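So this one's final20.txt, compact mmCIF, C-alpha atoms:
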```txt
# COMPACT_ATOMS: atom_id res chain seq x y z
CA MET A 146 83.97 -147.66 51.64
CA LEU A 147 82.70 -145.30 54.33
CA ILE A 148 84.03 -141.76 54.78
CA ALA A 149 82.40 -139.69 57.52
CA GLY A 150 83.59 -136.09 57.73
CA PHE A 151 82.67 -133.04 59.74
CA PRO A 152 84.07 -129.50 60.29
CA ALA A 153 85.29 -128.92 63.83
CA GLY A 154 86.27 -126.02 66.05
CA ALA A 155 86.89 -122.35 65.53
CA TRP A 156 88.48 -122.84 62.10
CA GLY A 157 86.00 -125.39 60.72
CA THR A 158 88.79 -127.91 60.17
CA ASN A 159 87.61 -131.05 58.42
CA CYS A 160 88.05 -134.27 60.41
CA TYR A 161 87.50 -137.56 58.56
CA LEU A 162 86.81 -141.13 59.67
CA VAL A 163 87.58 -143.70 56.97
CA ALA A 164 86.55 -147.36 57.06
CA PRO A 165 85.88 -150.20 54.63
CA ALA A 166 82.24 -150.12 55.78
CA ALA A 167 80.04 -149.41 58.78
CA GLY A 168 80.72 -151.67 61.75
CA GLU A 169 84.42 -152.09 60.95
CA GLU A 170 87.79 -150.63 61.94
CA CYS A 171 88.57 -147.06 60.89
CA VAL A 172 91.30 -144.45 60.56
CA ILE A 173 90.79 -140.92 61.88
CA ILE A 174 92.34 -138.06 59.89
CA ASP A 175 93.07 -134.69 61.54
CA PRO A 176 91.06 -134.61 64.80
CA GLY A 177 91.56 -130.90 65.43
CA HIS A 178 90.16 -128.20 67.67
CA GLN A 179 87.03 -129.38 69.53
CA ALA A 180 86.80 -132.52 67.35
CA ALA A 181 86.76 -135.17 70.11
CA GLN A 182 82.99 -135.21 70.60
CA GLY A 183 82.35 -135.24 66.87
CA VAL A 184 84.68 -138.22 66.56
CA GLU A 185 82.83 -140.09 69.31
CA ASP A 186 79.48 -139.30 67.72
CA ALA A 187 80.63 -140.61 64.33
CA LEU A 188 82.15 -143.75 65.85
CA LYS A 189 78.88 -144.52 67.60
CA LYS A 190 76.68 -143.69 64.60
CA HIS A 191 78.64 -145.95 62.22
CA ARG A 192 79.73 -148.55 64.85
CA LEU A 193 83.41 -148.01 64.09
CA LYS A 194 86.54 -149.04 65.97
CA PRO A 195 89.53 -146.70 65.45
CA VAL A 196 92.97 -148.22 64.91
CA ALA A 197 95.03 -145.09 64.19
CA VAL A 198 95.06 -141.30 63.84
CA VAL A 199 96.94 -139.84 60.86
CA LEU A 200 97.79 -136.15 60.53
CA THR A 201 98.27 -134.05 57.41
CA HIS A 202 100.32 -131.50 59.38
CA GLY A 203 100.92 -130.18 62.86
CA HIS A 204 98.91 -126.95 63.16
CA ILE A 205 96.77 -126.87 66.28
CA ASP A 206 93.53 -126.66 64.31
CA HIS A 207 94.34 -130.14 62.92
CA VAL A 208 95.86 -131.83 65.99
CA ALA A 209 94.23 -130.34 69.12
CA SER A 210 92.14 -133.46 69.84
CA VAL A 211 94.82 -136.06 69.08
CA VAL A 212 95.76 -136.73 72.72
CA PRO A 213 92.19 -137.29 74.00
CA VAL A 214 91.13 -139.31 70.95
CA CYS A 215 94.22 -141.56 71.01
CA GLY A 216 93.99 -141.90 74.79
CA ALA A 217 90.33 -142.88 74.75
CA HIS A 218 90.91 -145.66 72.21
CA ASP A 219 94.58 -146.62 72.86
CA VAL A 220 95.68 -146.02 69.26
CA PRO A 221 98.84 -144.50 67.73
CA ALA A 222 99.10 -141.20 65.86
CA TRP A 223 101.24 -140.59 62.77
CA ILE A 224 102.85 -137.27 61.78
CA HIS A 225 105.78 -136.15 59.61
CA PRO A 226 108.90 -135.57 61.75
CA SER A 227 109.28 -131.96 60.56
CA ASP A 228 105.96 -131.08 62.21
CA ARG A 229 106.25 -133.23 65.30
CA TYR A 230 107.45 -130.33 67.49
CA MET A 231 104.09 -128.61 66.97
CA MET A 232 102.37 -131.24 69.11
CA SER A 233 104.10 -129.89 72.22
CA ASP A 234 104.66 -126.27 71.17
CA PRO A 235 101.73 -125.10 69.01
CA GLU A 236 102.41 -121.39 69.53
CA LYS A 237 105.93 -121.72 68.08
CA ALA A 238 104.37 -123.17 64.94
CA LEU A 239 102.17 -120.09 64.51
CA GLY A 240 104.65 -117.39 65.51
CA ARG A 241 102.04 -115.89 67.85
CA SER A 242 99.72 -116.75 70.71
CA ILE A 243 96.91 -119.13 69.79
CA GLY A 244 94.51 -117.27 72.09
CA MET A 245 93.35 -119.47 74.93
CA PRO A 246 89.91 -117.83 75.36
CA LEU A 247 89.15 -118.71 71.76
CA MET A 248 90.70 -122.15 71.86
CA GLY A 249 89.37 -123.19 75.26
CA GLU A 250 91.03 -126.00 77.19
CA LEU A 251 93.80 -127.73 75.25
CA THR A 252 95.70 -130.94 75.95
CA VAL A 253 99.09 -130.04 74.50
CA GLY A 254 101.63 -132.81 73.91
CA GLU A 255 101.95 -136.18 72.23
CA PRO A 256 99.87 -139.32 72.69
CA ASP A 257 101.58 -142.32 74.25
CA ASP A 258 102.30 -143.88 70.84
CA MET A 259 103.60 -141.32 68.31
CA ARG A 260 104.92 -142.53 64.96
CA GLU A 261 106.55 -140.73 62.03
CA LEU A 262 105.51 -140.56 58.38
CA THR A 263 107.92 -140.58 55.44
CA ASP A 264 107.50 -139.56 51.82
CA GLY A 265 106.34 -142.49 49.72
CA ALA A 266 105.27 -144.60 52.69
CA GLU A 267 102.44 -147.07 52.18
CA LEU A 268 100.25 -147.34 55.26
CA LYS A 269 97.97 -150.35 55.62
CA LEU A 270 95.48 -149.51 58.34
CA ALA A 271 91.97 -150.82 59.04
CA GLY A 272 92.12 -152.89 55.86
CA LEU A 273 92.75 -149.73 53.80
CA ASP A 274 95.75 -148.49 51.82
CA PHE A 275 97.07 -144.94 52.18
CA SER A 276 99.94 -143.59 50.06
CA VAL A 277 101.85 -140.81 51.83
CA ALA A 278 103.35 -137.88 49.90
CA HIS A 279 105.46 -135.23 51.62
CA ALA A 280 104.05 -131.89 50.42
CA PRO A 281 105.80 -128.95 52.17
CA GLY A 282 104.75 -125.36 51.68
CA HIS A 283 101.95 -124.81 54.19
CA THR A 284 104.29 -126.32 56.80
CA LYS A 285 107.62 -128.12 56.48
CA GLY A 286 106.00 -131.42 57.42
CA SER A 287 102.75 -131.26 55.47
CA VAL A 288 101.73 -134.56 53.87
CA THR A 289 98.84 -135.88 51.81
CA PHE A 290 97.16 -139.28 51.84
CA GLN A 291 95.88 -140.96 48.69
CA MET A 292 93.67 -144.03 48.53
CA PRO A 293 93.65 -146.10 45.33
CA GLU A 294 90.83 -146.27 42.83
CA THR A 295 88.59 -149.33 43.04
CA ALA A 296 85.89 -150.76 40.84
CA GLU A 297 83.30 -148.97 42.98
CA ILE A 298 84.87 -145.56 43.67
CA PRO A 299 87.53 -143.24 42.21
CA SER A 300 90.77 -142.50 44.03
CA VAL A 301 90.38 -140.35 47.15
CA PHE A 302 92.99 -137.70 48.00
CA PHE A 303 93.18 -136.19 51.49
CA SER A 304 95.02 -132.97 50.70
CA GLY A 305 95.22 -131.35 54.14
CA ASP A 306 95.99 -127.66 53.69
CA LEU A 307 97.90 -128.13 50.43
CA LEU A 308 94.92 -127.86 48.06
CA PHE A 309 91.40 -126.53 48.62
CA ALA A 310 88.42 -125.98 46.35
CA GLY A 311 89.53 -122.86 44.48
CA SER A 312 92.59 -122.11 46.58
CA ILE A 313 95.62 -123.42 48.50
CA GLY A 314 96.99 -123.20 52.03
CA ARG A 315 98.52 -120.03 53.43
CA THR A 316 102.32 -119.80 53.51
CA ASP A 317 102.93 -116.82 55.81
CA LEU A 318 103.29 -118.80 59.07
CA PRO A 319 106.60 -120.26 60.34
CA GLY A 320 107.74 -123.04 58.03
CA GLY A 321 105.56 -121.86 55.17
CA SER A 322 106.97 -121.23 51.69
CA HIS A 323 105.15 -120.04 48.58
CA THR A 324 107.84 -121.60 46.38
CA GLU A 325 107.58 -124.93 48.16
CA ILE A 326 103.81 -125.10 48.04
CA LEU A 327 103.83 -124.49 44.28
CA GLN A 328 106.46 -127.23 43.92
CA SER A 329 104.29 -129.57 45.99
CA LEU A 330 101.23 -128.78 43.86
CA ALA A 331 103.22 -129.63 40.74
CA ARG A 332 104.80 -132.80 42.12
CA VAL A 333 101.89 -134.22 44.13
CA CYS A 334 98.67 -132.91 42.58
CA LEU A 335 99.28 -132.48 38.86
CA PRO A 336 99.97 -136.20 38.19
CA LEU A 337 96.63 -137.26 39.72
CA ASP A 338 93.71 -138.29 37.51
CA ASP A 339 90.96 -135.74 36.96
CA SER A 340 88.47 -138.13 38.58
CA THR A 341 90.37 -138.10 41.90
CA VAL A 342 88.13 -136.91 44.73
CA VAL A 343 89.80 -134.20 46.86
CA LEU A 344 88.90 -134.03 50.56
CA SER A 345 90.78 -131.08 52.01
CA GLY A 346 91.47 -129.68 55.46
CA HIS A 347 88.91 -126.88 55.08
CA GLY A 348 85.92 -126.31 52.84
CA PRO A 349 83.94 -128.51 50.46
CA GLN A 350 84.79 -131.61 48.47
CA THR A 351 86.19 -131.08 45.00
CA SER A 352 88.10 -133.03 42.33
CA ILE A 353 91.46 -132.76 40.65
CA GLY A 354 89.73 -132.15 37.32
CA GLN A 355 87.74 -129.25 38.75
CA GLU A 356 90.82 -127.71 40.34
CA ARG A 357 92.95 -128.24 37.24
CA ALA A 358 90.37 -126.27 35.27
CA THR A 359 89.57 -123.48 37.75
CA ASN A 360 92.07 -123.21 40.63
CA PRO A 361 94.41 -120.30 39.77
CA TYR A 362 97.36 -121.81 41.68
CA LEU A 363 97.08 -125.24 40.07
CA ARG A 364 96.61 -123.57 36.69
CA GLN A 365 99.79 -121.61 37.30
CA VAL A 366 101.95 -124.66 37.98
CA ALA A 367 100.36 -126.56 35.08
CA ALA A 368 101.09 -123.66 32.72
CA ALA A 369 104.67 -123.43 33.99
CA ARG A 370 105.21 -127.11 33.21
CA GLN A 371 103.99 -126.50 29.67
CA GLY A 372 106.05 -123.35 29.25
CA HIS A 373 103.02 -121.03 29.18
CA ARG A 374 102.07 -118.00 31.20
CA ALA A 375 99.19 -118.31 33.64
CA ASP A 376 96.64 -115.69 34.58
CA PRO A 377 97.40 -113.67 37.76
CA MET A 378 96.34 -115.40 40.97
CA SER A 379 93.64 -113.79 43.04
CA ALA A 380 92.09 -116.53 45.19
CA PRO A 381 92.52 -116.02 48.95
CA ARG A 382 94.61 -118.46 50.94
CA ARG A 383 93.01 -120.69 53.54
CA GLY A 384 93.93 -122.64 56.65
CA MET A 385 95.06 -121.45 60.06
```
For this file, produce the structure as structure tokens.
Amino acid sequence: MLIAGFPAGAWGTNCYLVAPAAGEECVIIDPGHQAAQGVEDALKKHRLKPVAVVLTHGHIDHVASVVPVCGAHDVPAWIHPSDRYMMSDPEKALGRSIGMPLMGELTVGEPDDMRELTDGAELKLAGLDFSVAHAPGHTKGSVTFQMPETAEIPSVFFSGDLLFAGSIGRTDLPGGSHTEILQSLARVCLPLDDSTVVLSGHGPQTSIGQERATNPYLRQVAAARQGHRADPMSAPRRGM
């Protein structure tokens, strides 16, 4: 399997291209702010043909390049219905101005073919399997995508802004909820195997085992499940 990722735009949001191998069809995950050229460069480098864009949530730093990328390749985009409004009204999703001088030119709106994700959905795209889990907390419509383990590689978990290396997504923007994000961590992340590779919306690669051992937020929900008290949380939140 081929996974090509790069940080894009003012917030360094990770965009991923996933394919069975070079020279084949691929899925693009979270083409955000100023990601369109990086997507084209990766497609050319690995000789990939996109078949779909899938989105972990609707914040502008994750979706700003959806319209040009989908338009250039005539592919659909998938998003959870609770975050769909953000495609056309990104400022409402942030509760403040996004700052046009910083963001530059934006193509706000939906691509021609917009589809909706549901909890527990199984997407079969580009010869790959993606399990969708609704994981609210960072936004109401946040989702994660998990790919199954194979004989060659462990399971891969695209966590969006739910789980980062050493931290979790912020919950102080409209639609955010600290209670909900802890519930999502417990329901979606804790059951995963320690070997699961975590590719998040910001920052470096990690694993569920590493985060179970060191992430103060995941340690808190794990301790709560076992009826223990966790250490106070001090890690900063991340994401837009």
Q.
Using Å and a single decimal, report how far atom CA of Arg192 of chain A sits from atom CA of Ala167 of chain A.
A.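 These atoms are spaced 6.1 Å apart.
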Residues of segment 165-230 of chain A that have any atom at most 7 Å from an atom of segment 266-274 of chain A: could you tabulate them with the shortest-distance atom pair and the distance in Å to one decimal, using all atoms listed in the file, ordered by chain and increasing number, as CSV?
```
residue,atom,partner,partner_atom,distance
A:Pro165,CA,A:Gly272,CA,6.9
A:Glu170,CA,A:Ala271,CA,5.1
A:Cys171,CA,A:Ala271,CA,5.4
A:Val172,CA,A:Ala271,CA,6.6
A:Val196,CA,A:Ala271,CA,6.5
```
How about saving the chosen residues, C-alpha atoms kept, as an mmCIF file, in the frame of the given file?
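Ended up saving to part_27.cif:
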```
data_model
loop_
_atom_site.group_PDB
_atom_site.id
_atom_site.type_symbol
_atom_site.label_atom_id
_atom_site.label_comp_id
_atom_site.auth_asym_id
_atom_site.auth_seq_id
_atom_site.Cartn_x
_atom_site.Cartn_y
_atom_site.Cartn_z
ATOM 1 C CA PRO A 165 85.880 -150.200 54.630
ATOM 2 C CA GLU A 170 87.790 -150.630 61.940
ATOM 3 C CA CYS A 171 88.570 -147.060 60.890
ATOM 4 C CA VAL A 172 91.300 -144.450 60.560
ATOM 5 C CA VAL A 196 92.970 -148.220 64.910
#
```
(Q) Show me, as a list of chain:residue names, the residues that have an atom within 7 Å of Ala180 of chain A when counting only C-alpha atoms, minus same-chain residues fewer than 5 positions from it. (A)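 The residues satisfying every condition are A:Ala153, A:Gly154, A:Ser210.
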(Q) Please determine, counting only C-alpha atoms, which residue among A:Lys189, A:Ala368, A:Val220, A:Val208 has the shortest atom-to-atom distance to Leu327 of chain A. (A)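 Going through A:Lys189, A:Ala368, A:Val220, A:Val208 one by one, the smallest distance to Leu327 of chain A is for A:Ala368.
Nearest to Thr351 of chain A of all the residues A:Pro213, A:Pro319, A:Gly265, A:Gly311 is A:Gly311, based on all atoms listed in the file.
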**Q.** Atomic distance atom CA of Ser312 of chain A - atom CA of Tyr362 of chain A, expressed in Å with one decimal
**A.**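 Answer for the atom CA of Ser312 of chain A to atom CA of Tyr362 of chain A separation: 6.8 Å.
Between atom CA of Gln291 of chain A and atom CA of Val212 of chain A lies a distance of 24.4 Å.
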Q: Compare A:Leu330, A:Val198, A:Val342, A:Cys215 by their minimum atom-to-atom distance to Ile298 of chain A, counting only C-alpha atoms, and give me the closest one.
A: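 Counting only C-alpha atoms, the residue closest to Ile298 of chain A is A:Val342.
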**Q.** Nearest-residue call for Ser352 of chain A, choices A:Gln179, A:Ser300, A:Ser227, A:Ser276, using all atoms listed in the file
**A.**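 Closest to Ser352 of chain A, using all atoms listed in the file: A:Ser300.
Of the residues listed (A:Val333, A:Val214, A:Ala296, A:Ala209), A:Ala209 shows the shortest atom-to-atom separation from Asp234 of chain A; distances use all atoms listed in the file.
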Q.
List as a ChimeraX atom specification the protein and nucleic acid residues near segment 259-263 of chain A, meaning an atom at most 8 Å away when only C-alpha atoms are counted, but skip any in the same chain fewer than 6 places from it.
A. /A:221-226,277-279
**Q.** From A:Thr341, A:Thr201, A:Gln328, A:Ser287, residue lying nearest Leu363 of chain A [all atoms listed in the file]
**A.**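 Nearest to Leu363 of chain A: A:Gln328.
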Q | Contact residues around Ile173 of chain A with all atoms listed in the file at 9 Å, ignoring same-chain residues under 6 positions, as a VMD selection string | A | chain A and resid 160 to 163 184 195 to 200
(Q) Need the shell around segment 306-309 of chain A: protein/DNA/RNA residues with any atom at most 8 Å away, counting all atoms listed in the file. Skip same-chain ones fewer than 2 positions apart. Format as a list in words? (A)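 Close residues of segment 306-309 of chain A: Thr201, Ala280, Gly282, His283, Ser287, Thr289, Ser304, Gly311, Ser312, Ile313, Gly314, Ile326, Ser329, Leu330, Ser345, Gly346, His347, Gly348, Pro349, Thr351, Arg383 and Gly384 of chain A.
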Given the selection you just returned, output its residues as a file containing C-alpha atoms, formatted as a PDB file, keeping the file's coordinate frame.
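To be explicit, this is the file written out as selection-v2.pdb:
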```pdb
ATOM      1  CA  THR A 201      98.270-134.050  57.410  1.00  0.00           C
ATOM      2  CA  ALA A 280     104.050-131.890  50.420  1.00  0.00           C
ATOM      3  CA  GLY A 282     104.750-125.360  51.680  1.00  0.00           C
ATOM      4  CA  HIS A 283     101.950-124.810  54.190  1.00  0.00           C
ATOM      5  CA  SER A 287     102.750-131.260  55.470  1.00  0.00           C
ATOM      6  CA  THR A 289      98.840-135.880  51.810  1.00  0.00           C
ATOM      7  CA  SER A 304      95.020-132.970  50.700  1.00  0.00           C
ATOM      8  CA  GLY A 311      89.530-122.860  44.480  1.00  0.00           C
ATOM      9  CA  SER A 312      92.590-122.110  46.580  1.00  0.00           C
ATOM     10  CA  ILE A 313      95.620-123.420  48.500  1.00  0.00           C
ATOM     11  CA  GLY A 314      96.990-123.200  52.030  1.00  0.00           C
ATOM     12  CA  ILE A 326     103.810-125.100  48.040  1.00  0.00           C
ATOM     13  CA  SER A 329     104.290-129.570  45.990  1.00  0.00           C
ATOM     14  CA  LEU A 330     101.230-128.780  43.860  1.00  0.00           C
ATOM     15  CA  SER A 345      90.780-131.080  52.010  1.00  0.00           C
ATOM     16  CA  GLY A 346      91.470-129.680  55.460  1.00  0.00           C
ATOM     17  CA  HIS A 347      88.910-126.880  55.080  1.00  0.00           C
ATOM     18  CA  GLY A 348      85.920-126.310  52.840  1.00  0.00           C
ATOM     19  CA  PRO A 349      83.940-128.510  50.460  1.00  0.00           C
ATOM     20  CA  THR A 351      86.190-131.080  45.000  1.00  0.00           C
ATOM     21  CA  ARG A 383      93.010-120.690  53.540  1.00  0.00           C
ATOM     22  CA  GLY A 384      93.930-122.640  56.650  1.00  0.00           C
TER      23      GLY A 384
END
```
